[in-house]
Each structure stands twice: as C-alpha cells, then as structure tokens.
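upload_1.cif follows (mmCIF, C-alpha atoms):
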data_model
loop_
_atom_site.label_atom_id
_atom_site.label_comp_id
_atom_site.auth_asym_id
_atom_site.auth_seq_id
_atom_site.Cartn_x
_atom_site.Cartn_y
_atom_site.Cartn_z
CA ILE A 56 14.40 14.40 3.78
CA VAL A 57 16.82 14.31 0.85
CA TYR A 58 15.57 15.05 -2.67
CA VAL A 59 17.58 13.27 -5.36
CA GLY A 60 17.17 15.21 -8.59
CA SER A 61 20.40 14.29 -10.36
CA VAL A 62 20.79 12.81 -13.85
CA HIS A 63 19.09 9.43 -14.12
CA THR A 64 22.26 7.37 -13.95
CA GLN A 65 23.05 8.71 -10.48
CA HIS A 66 19.67 8.05 -8.85
CA HIS A 67 20.56 4.59 -7.58
CA ARG A 68 24.02 5.45 -6.27
CA LEU A 69 22.92 8.62 -4.47
CA ALA A 70 19.71 7.19 -3.08
CA ILE A 71 21.51 4.15 -1.67
CA LEU A 72 24.10 6.46 -0.07
CA PHE A 73 21.42 8.46 1.76
CA LEU A 74 19.19 5.50 2.63
CA ARG A 75 22.12 3.73 4.29
CA ALA A 76 22.75 6.92 6.23
CA GLN A 77 19.21 6.66 7.63
CA LYS A 78 17.89 9.57 5.53
CA ASN A 79 14.40 9.68 4.05
CA VAL A 80 14.57 10.02 0.26
CA LEU A 81 12.33 11.49 -2.42
CA CYS A 82 13.90 10.39 -5.69
CA GLU A 83 12.97 12.04 -8.96
CA LYS A 84 11.48 9.86 -11.68
CA PRO A 85 12.49 7.43 -13.02
CA LEU A 86 13.36 5.85 -9.71
CA ALA A 87 16.28 4.00 -11.25
CA MET A 88 17.82 2.98 -14.57
CA ASN A 89 16.21 -0.45 -14.44
CA ALA A 90 14.15 -2.75 -12.25
CA ASP A 91 17.18 -4.33 -10.59
CA GLU A 92 18.37 -0.95 -9.34
CA ALA A 93 14.83 -0.07 -8.23
CA ARG A 94 14.54 -3.30 -6.23
CA ASP A 95 17.90 -2.62 -4.59
CA MET A 96 16.75 0.84 -3.54
CA ILE A 97 13.45 -0.49 -2.19
CA ARG A 98 15.20 -3.28 -0.30
CA THR A 99 17.68 -0.83 1.23
CA ALA A 100 14.93 1.58 2.32
CA ARG A 101 13.08 -1.24 4.05
CA GLU A 102 16.20 -2.63 5.70
CA HIS A 103 17.03 0.77 7.16
CA LYS A 104 13.40 1.62 7.94
CA VAL A 105 13.39 4.96 6.12
CA PHE A 106 10.99 6.62 3.68
CA LEU A 107 11.46 6.28 -0.06
CA MET A 108 9.21 7.52 -2.88
CA GLU A 109 9.56 7.95 -6.63
CA GLY A 110 8.90 11.56 -7.58
CA PHE A 111 6.02 11.36 -10.03
CA TRP A 112 4.57 14.80 -9.30
CA THR A 113 1.66 14.00 -11.65
CA ARG A 114 0.09 11.78 -8.99
CA PHE A 115 -0.51 14.67 -6.62
CA PHE A 116 -2.17 17.25 -8.85
CA PRO A 117 -5.86 17.79 -8.01
CA VAL A 118 -6.80 16.48 -11.47
CA SER A 119 -5.17 13.15 -10.62
CA GLU A 120 -6.96 13.06 -7.28
CA GLN A 121 -10.26 13.68 -9.05
CA ILE A 122 -9.56 10.90 -11.54
CA ARG A 123 -8.87 8.42 -8.74
CA THR A 124 -12.11 9.45 -7.03
CA LEU A 125 -14.14 9.01 -10.22
CA LEU A 126 -12.58 5.63 -10.89
CA ALA A 127 -13.35 4.48 -7.34
CA GLN A 128 -16.95 5.58 -7.88
CA LYS A 129 -17.11 3.64 -11.19
CA ALA A 130 -18.18 6.89 -12.88
CA LEU A 131 -16.74 5.64 -16.18
CA GLY A 132 -18.13 2.14 -15.93
CA ASP A 133 -15.56 -0.43 -17.00
CA VAL A 134 -12.41 1.36 -18.13
CA LYS A 135 -11.09 -0.23 -21.32
CA VAL A 136 -8.83 2.25 -23.10
CA ILE A 137 -6.11 4.75 -22.22
CA GLN A 138 -4.35 6.98 -24.71
CA ALA A 139 -1.68 9.62 -24.15
CA HIS A 140 0.82 11.65 -26.16
CA LEU A 141 3.65 13.69 -24.70
CA GLY A 142 6.40 15.54 -26.51
CA PHE A 143 8.79 18.45 -26.13
CA PRO A 144 11.59 19.72 -28.41
CA MET A 145 14.53 18.59 -26.29
CA GLU A 146 17.16 17.27 -28.68
CA ASP A 147 19.45 20.10 -27.59
CA VAL A 148 19.35 18.92 -23.94
CA HIS A 149 22.65 17.10 -23.56
CA ARG A 150 21.62 14.65 -20.86
CA LEU A 151 18.69 13.42 -22.99
CA VAL A 152 20.80 12.48 -26.02
CA ASP A 153 23.80 11.06 -24.12
CA LYS A 154 23.44 7.37 -23.32
CA LYS A 155 26.06 7.61 -20.55
CA LEU A 156 23.78 10.09 -18.76
CA GLY A 157 20.71 7.87 -19.09
CA GLY A 158 19.31 9.70 -22.10
CA GLY A 159 16.28 8.69 -24.11
CA VAL A 160 12.64 9.69 -24.28
CA ILE A 161 11.22 6.53 -22.68
CA MET A 162 13.08 7.19 -19.45
CA ASP A 163 12.30 10.91 -19.48
CA LEU A 164 8.70 11.11 -20.78
CA GLY A 165 7.55 7.54 -21.35
CA CYS A 166 7.63 6.88 -17.62
CA TYR A 167 4.89 9.52 -17.15
CA CYS A 168 2.61 7.60 -19.49
CA VAL A 169 3.36 4.24 -17.90
CA GLN A 170 2.62 5.56 -14.41
CA PHE A 171 -0.63 7.02 -15.78
CA ALA A 172 -1.73 3.59 -17.00
CA SER A 173 -0.67 2.09 -13.69
CA MET A 174 -2.72 4.63 -11.74
CA VAL A 175 -5.83 3.95 -13.85
CA PHE A 176 -5.61 0.19 -14.43
CA GLY A 177 -3.85 -0.66 -11.19
CA PRO A 178 -0.22 -1.61 -10.49
CA GLU A 179 -0.25 -4.94 -12.31
CA ARG A 180 2.19 -6.00 -14.98
CA PRO A 181 0.55 -5.96 -18.42
CA GLN A 182 -0.05 -9.29 -20.11
CA SER A 183 1.89 -8.01 -23.11
CA ILE A 184 4.11 -5.05 -23.94
CA ILE A 185 4.72 -3.90 -27.50
CA ALA A 186 7.18 -1.09 -28.16
CA SER A 187 8.56 0.51 -31.30
CA GLY A 188 10.86 3.49 -31.55
CA LEU A 189 13.40 5.53 -33.45
CA LEU A 190 16.98 5.84 -32.24
CA ARG A 191 19.49 8.65 -32.52
CA LYS A 192 23.09 8.10 -33.59
CA THR A 193 24.00 8.21 -29.90
CA GLY A 194 21.92 5.08 -29.31
CA VAL A 195 19.09 6.64 -27.29
CA ASP A 196 15.44 6.67 -28.31
CA GLU A 197 14.11 9.99 -29.60
CA THR A 198 10.55 8.83 -30.38
CA ALA A 199 8.71 5.81 -29.05
CA SER A 200 5.26 4.25 -29.05
CA ILE A 201 4.19 1.70 -26.47
CA ILE A 202 1.13 -0.54 -26.26
CA LEU A 203 0.29 -2.16 -22.93
CA ASN A 204 -2.32 -4.91 -22.98
CA TYR A 205 -3.80 -5.64 -19.56
CA SER A 206 -6.03 -8.38 -18.21
CA GLY A 207 -9.74 -7.96 -18.89
CA ASN A 208 -9.15 -6.76 -22.46
CA ARG A 209 -7.86 -3.35 -21.39
CA GLN A 210 -5.31 -1.43 -23.42
CA ALA A 211 -3.08 1.62 -23.00
CA VAL A 212 -1.39 3.27 -26.01
CA PHE A 213 1.27 5.99 -25.75
CA THR A 214 3.54 8.03 -27.99
CA VAL A 215 6.40 10.15 -26.66
CA THR A 216 9.03 12.21 -28.46
CA MET A 217 11.85 14.64 -27.79
CA MET A 218 11.68 16.03 -31.34
CA LEU A 219 8.65 18.33 -31.16
CA ARG A 220 5.97 19.71 -28.89
CA LEU A 221 2.78 17.72 -28.56
CA PRO A 222 -0.27 19.01 -26.66
CA GLY A 223 0.18 16.38 -23.99
CA GLU A 224 -3.39 15.16 -24.16
CA ALA A 225 -4.64 12.00 -22.44
CA LEU A 226 -7.85 10.02 -22.54
CA ILE A 227 -9.40 7.43 -20.23
CA GLY A 228 -12.23 5.58 -21.93
CA GLY A 229 -14.87 3.60 -20.08
CA THR A 230 -18.15 1.95 -21.01
CA GLU A 231 -20.07 4.84 -19.40
CA GLY A 232 -17.89 7.85 -20.03
CA VAL A 233 -14.58 9.31 -21.18
CA ILE A 234 -12.20 11.52 -19.22
CA GLN A 235 -10.21 13.91 -21.40
CA ILE A 236 -7.12 15.81 -20.33
CA PRO A 237 -6.55 18.39 -23.10
CA SER A 238 -2.90 19.17 -22.34
CA HIS A 239 -0.03 18.73 -19.89
CA MET A 240 -0.99 15.18 -18.94
CA ASN A 241 2.16 15.03 -16.81
CA CYS A 242 1.08 18.12 -14.81
CA PRO A 243 -2.63 18.55 -15.55
CA THR A 244 -4.90 21.36 -14.37
CA ILE A 245 -7.98 20.78 -16.57
CA MET A 246 -10.14 17.75 -17.35
CA PHE A 247 -13.46 17.03 -19.07
CA LEU A 248 -16.07 14.34 -18.40
CA LYS A 249 -19.60 14.02 -19.81
CA GLY A 250 -19.75 17.66 -20.85
CA ASN A 251 -18.44 18.92 -17.52
CA ARG A 252 -15.21 20.88 -17.23
CA TRP A 253 -13.08 20.83 -14.10
CA GLU A 254 -10.19 23.22 -13.57
CA TRP A 255 -7.82 23.66 -10.66
CA PRO A 256 -5.73 26.81 -11.24
CA LEU A 257 -2.21 26.58 -9.90
CA PRO A 258 -1.28 28.78 -6.96
CA PRO A 259 0.87 31.81 -7.81
CA SER A 260 4.62 31.44 -7.58
CA PRO A 261 6.70 33.95 -5.62
CA GLU A 262 9.66 33.28 -7.94
CA PRO A 263 10.13 32.84 -11.72
CA LEU A 264 9.78 29.20 -12.82
CA PHE A 265 11.88 27.29 -15.32
CA PHE A 266 9.19 24.89 -16.55
CA GLU A 267 5.48 25.41 -17.09
CA ASN A 268 3.33 24.40 -14.09
CA ASP A 269 6.45 23.93 -11.93
CA ILE A 270 4.65 25.35 -8.90
CA GLY A 271 2.64 22.12 -8.93
CA LEU A 272 5.62 20.41 -7.34
CA ARG A 273 4.25 21.77 -4.08
CA TYR A 274 1.47 19.14 -4.19
CA GLU A 275 4.06 16.37 -4.16
CA ALA A 276 6.08 18.09 -1.44
CA GLU A 277 3.00 18.52 0.75
CA HIS A 278 2.14 14.83 0.33
CA VAL A 279 5.63 13.70 1.31
CA ARG A 280 5.57 15.99 4.33
CA GLN A 281 2.28 14.45 5.46
CA CYS A 282 3.65 10.94 4.98
CA LEU A 283 6.58 11.77 7.25
CA LEU A 284 4.34 13.39 9.85
CA ASP A 285 2.25 10.21 9.84
CA GLY A 286 5.31 8.03 10.29
CA LEU A 287 4.93 6.29 6.94
CA LYS A 288 7.86 4.64 5.17
CA GLU A 289 6.27 4.82 1.73
CA SER A 290 3.46 6.67 0.01
CA PRO A 291 0.00 5.10 -0.24
CA ILE A 292 -0.51 7.03 -3.51
CA MET A 293 2.86 6.18 -5.10
CA PRO A 294 3.82 2.90 -3.36
CA LEU A 295 7.14 1.21 -3.92
CA CYS A 296 5.63 -1.97 -5.33
CA GLU A 297 4.15 0.14 -8.11
CA SER A 298 7.48 1.82 -8.82
CA GLU A 299 8.96 -1.65 -9.28
CA VAL A 300 6.25 -2.63 -11.78
CA ILE A 301 6.75 0.60 -13.71
CA ALA A 302 10.49 -0.08 -13.88
CA THR A 303 9.91 -3.58 -15.30
CA ILE A 304 7.65 -2.14 -18.02
CA LEU A 305 10.24 0.49 -18.96
CA ASP A 306 12.90 -2.25 -19.08
CA GLU A 307 10.90 -4.32 -21.53
CA ALA A 308 10.02 -1.33 -23.73
CA ARG A 309 13.68 -0.31 -23.96
CA LYS A 310 14.74 -3.88 -24.67
CA GLN A 311 12.35 -4.13 -27.61
CA ILE A 312 13.54 -0.82 -29.06
CA GLY A 313 17.19 -1.69 -28.48
CA VAL A 314 18.24 0.79 -25.80
CA PHE A 315 20.61 -0.60 -23.18
CA TYR A 316 22.71 1.35 -20.72
CA GLU A 317 26.19 0.76 -19.35
CA GLY A 318 26.36 -2.29 -17.10
CA GLU A 319 23.07 -3.78 -18.28
CA ASP A 320 22.56 -7.32 -19.50
CA THR A 321 21.59 -6.83 -23.15
CA THR A 322 19.46 -9.97 -23.07
CA LYS A 323 17.41 -8.80 -20.09
CA GLY A 324 17.78 -5.02 -19.88
CA GLN A 325 18.89 -5.31 -16.27
CA SER A 326 21.99 -4.40 -14.31
CA LYS A 327 24.85 -6.83 -13.94
CA ASN A 328 26.22 -4.87 -11.01
CA ILE A 329 23.46 -5.42 -8.45
CA LYS A 330 23.93 -8.37 -6.13
#
Rewrite the structure of this file - the entire thing - as structure tokens.
Amino acid sequence: IVYVGSVHTQHHRLAILFLRAQKNVLCEKPLAMNADEARDMIRTAREHKVFLMEGFWTRFFPVSEQIRTLLAQKALGDVKVIQAHLGFPMEDVHRLVDKKLGGGVIMDLGCYCVQFASMVFGPERPQSIIASGLLRKTGVDETASIILNYSGNRQAVFTVTMMLRLPGEALIGGTEGVIQIPSHMNCPTIMFLKGNRWEWPLPPSPEPLFFENDIGLRYEAEHVRQCLLDGLKESPIMPLCESEVIATILDEARKQIGVFYEGEDTTKGQSKNIK
C-alpha cells in the first residue's frame, strides 16, 4: 500500500497516479482540496478495484471505538449536541499559511471536527452550514468557527485556530448523558461519561516522536492492514461516501469564509480542472 502524506494540494495528483497503477492508497486527511477532487479519487479507486481510505487516525483510537459502541447502545439517549475546540500555534508552519500549498486551519484542523460530527451524527449532509472566520494577509483562514445543523434538531459547533494552543476538548451531549473528551480530541486517550473515567494509555514508542500521541498512528495502520487482508476496497469505519460528505462540508465552510484555492470555481468552491 502507498501512503500519501504530501502537502494537501498534491493529494489528488499523487493518489490518482498510484490508483491508476493498481496500488492501494491510504491518503492523509483531508482526502483532497475539494469535493470534486475527492469524487475523482473515489471514482478512480473503484474503476481500478483498489483500496482507498482517507487517513483520519482519530477514528481508530480506542476512545473512538468506545464512543461508537456507546452510541450504538443508545447509552446517551438521543444525541443532540456536539462541541469541539482544537488549536495549535502553527503560524510559523509555511505550508499552513501559504494558499498555494493548501494552507488554512479549516483544511488542517477543521476537518477533524467535521469528521467527529459525521462519526457521531452519521454521514449525512447537514441541513445548514454556518461558518465565520478570520483570514491572514495570505488569504488563508487562521481561525474559524463552524455550526452544522442536522436533521432532528441536532447541532455541532466547532472552533479551530492556528494562532494558539487550545486543550482540544470535545463534548457529545445526549438526553441521558454526556461524553467528555478533556483534550486531544483528534487523538484522544481519555474520556468521561456519567462519572466514569476511561483511559487507554498509548503503547511505548521505540523511537522519538515529532508530535504528541504520534504512536497512535499504529491503530490506523493496523486497521488498514486488516482491511487488505480481508480483501476490502474501502474501510467500513471510514468509508469513501463519508469522505465525500466531509469534503462537501469543508467546501461550503471555506466558501462562506472566502477561502478559495487555485483552479477552484469561486462561486462553488470546486475544481474547474476535474472532468
């Protein structure tokens, strides 16, 4: 399998190259720069009958598995509210402030929050999307807040920023209980529910790590390996249809804030180059 971990703007080009060469692909999040590119990648993977998955490592942490189990058991009753905040001081990271490299906090951190809502509420497109943000002189978003209103009077609210460190907390509120993730909602190891505390310590790393909790990437890698052993062409936990929905939400949020990338239709936030 090929892991595509390049800058965001190269995900589509590189993934298409390998998919057409009959290679299975794990592509780092976000899957593509917009929904049109994502659909092209999905279509190509299916035409060539190879595996493709968007690399949201969050999905495969034990905390996320426990959340999905609790939701399936209706342990929270009817889930109505999701909140999350994620921020890191990253304005000195060149790729994040350069529009030509796909910079911006929505594409880098906001996608984690959107996939979180999608995991909890299900991979449906929200009935309404409201986004507001602050732009840098380079034209990328440095801080953004997004409200997703879903069917059944359910709402998800997020704030992401590249200007400062936030705890990374998240909350899932239901009529019979609230799940709290105190920190690192994109790579969680601790959660609380009804006075109970669950913790899944990360395994030790044989080598120094660049980012906190990086060893948790092994959960994603183990899942992809099992998918391939089972002959699957996509993940049942991070399916391609859901990646497409996430991409459409990110498109709309960027459009409302005014962030468009090279080759995109400024009226739609989609690529003009995909046929």
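Checking A:Cys282, A:Val148, A:Ala186, A:Leu131 one by one against Val80 (chain A), counting only C-alpha atoms, you find the shortest gap at A:Cys282.
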- prompt: Can you find the residues with an atom no farther than 10 Å from (-8.4, 5.3, -24.3), counting only C-alpha atoms, and report them as a PyMOL selection string?
  reply: chain A and resi 134-139+209-213+225-229+233-235
- request: Counting only C-alpha atoms, figure out which residue out of A:Ile201, A:Thr99, A:Ile312, A:Val195 gets nearest to His149 (chain A).
  value: A:Val195
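Neighbouring residues of Lys78 (chain A) at 10 Å or closer, counting only C-alpha atoms and skipping chain neighbours under 3 positions away, are Ile56, Val57, Ala70, Ile71, Leu72, Phe73, Leu74, Arg75, Leu81, Ala100, His103, Lys104, Val105, Phe106 and Leu107 of chain A.
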Write the residues of the selection above to a file with C-alpha atoms, as an mmCIF file, in the coordinates of the input.
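For reference, again_9.cif as written:
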data_model
loop_
_atom_site.group_PDB
_atom_site.id
_atom_site.type_symbol
_atom_site.label_atom_id
_atom_site.label_comp_id
_atom_site.auth_asym_id
_atom_site.auth_seq_id
_atom_site.Cartn_x
_atom_site.Cartn_y
_atom_site.Cartn_z
ATOM 1 C CA ILE A 56 14.400 14.400 3.780
ATOM 2 C CA VAL A 57 16.820 14.310 0.850
ATOM 3 C CA ALA A 70 19.710 7.190 -3.080
ATOM 4 C CA ILE A 71 21.510 4.150 -1.670
ATOM 5 C CA LEU A 72 24.100 6.460 -0.070
ATOM 6 C CA PHE A 73 21.420 8.460 1.760
ATOM 7 C CA LEU A 74 19.190 5.500 2.630
ATOM 8 C CA ARG A 75 22.120 3.730 4.290
ATOM 9 C CA LEU A 81 12.330 11.490 -2.420
ATOM 10 C CA ALA A 100 14.930 1.580 2.320
ATOM 11 C CA HIS A 103 17.030 0.770 7.160
ATOM 12 C CA LYS A 104 13.400 1.620 7.940
ATOM 13 C CA VAL A 105 13.390 4.960 6.120
ATOM 14 C CA PHE A 106 10.990 6.620 3.680
ATOM 15 C CA LEU A 107 11.460 6.280 -0.060
#
message: Suppose a student applies the PyMOL selection byres ((chain A and resi 90) around 10) to this structure; what residues should they get, written as a PyMOL selection string?
response: chain A and resi 86-89+91-96+298-307+324-326
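Compared by their closest atoms to Val118 (chain A), and using only C-alpha atoms, the residues A:Asn268, A:Ser183, A:Ser200, A:Thr244 rank with A:Thr244 nearest.
The spacing separating CA of Gly313 (chain A) from CA of Tyr167 (chain A) amounts to 20.1 Å.
Atom pair CA of Glu275 (chain A) / CA of Tyr316 (chain A) has a distance of 29.1 Å (rounded to one decimal).
Within 12 Å of Pro256 (chain A), once all atoms listed in the file are used and residues closer than 5 positions along the same chain are dropped, the contacting residues are A:Phe116, A:Pro117, A:Val118, A:Cys242, A:Pro243, A:Thr244, A:Ile245, A:Met246, A:Asn268, A:Ile270, A:Gly271.
The two atoms in question, CA of Lys84 (chain A) and CA of Phe111 (chain A), are spaced 5.9 Å apart.
With distances restricted to only C-alpha atoms, A:Gly177 is the closest residue to Glu297 (chain A) from A:Gly177, A:Gly223, A:Gly159, A:Pro263.
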field: Residue among A:Asp133, A:Glu254, A:Glu231, A:Asp320 lying closest to Gln121 (chain A), counting all atoms listed in the file
entry: A:Glu254
Hey, can I get the axis-aligned box for region 112-119 of chain A? All listed atoms, 8 Å padding on each side, centre and edge lengths in Å to one decimal, as AutoDock Vina command-line options.
--center_x -1.1 --center_y 14.8 --center_z -9.1 --size_x 27.4 --size_y 22.0 --size_z 21.0
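Closest approach to Arg191 (chain A) among A:Met174, A:Ala276, A:Leu221, A:Val152 is made by A:Val152 (distances from all atoms listed in the file).
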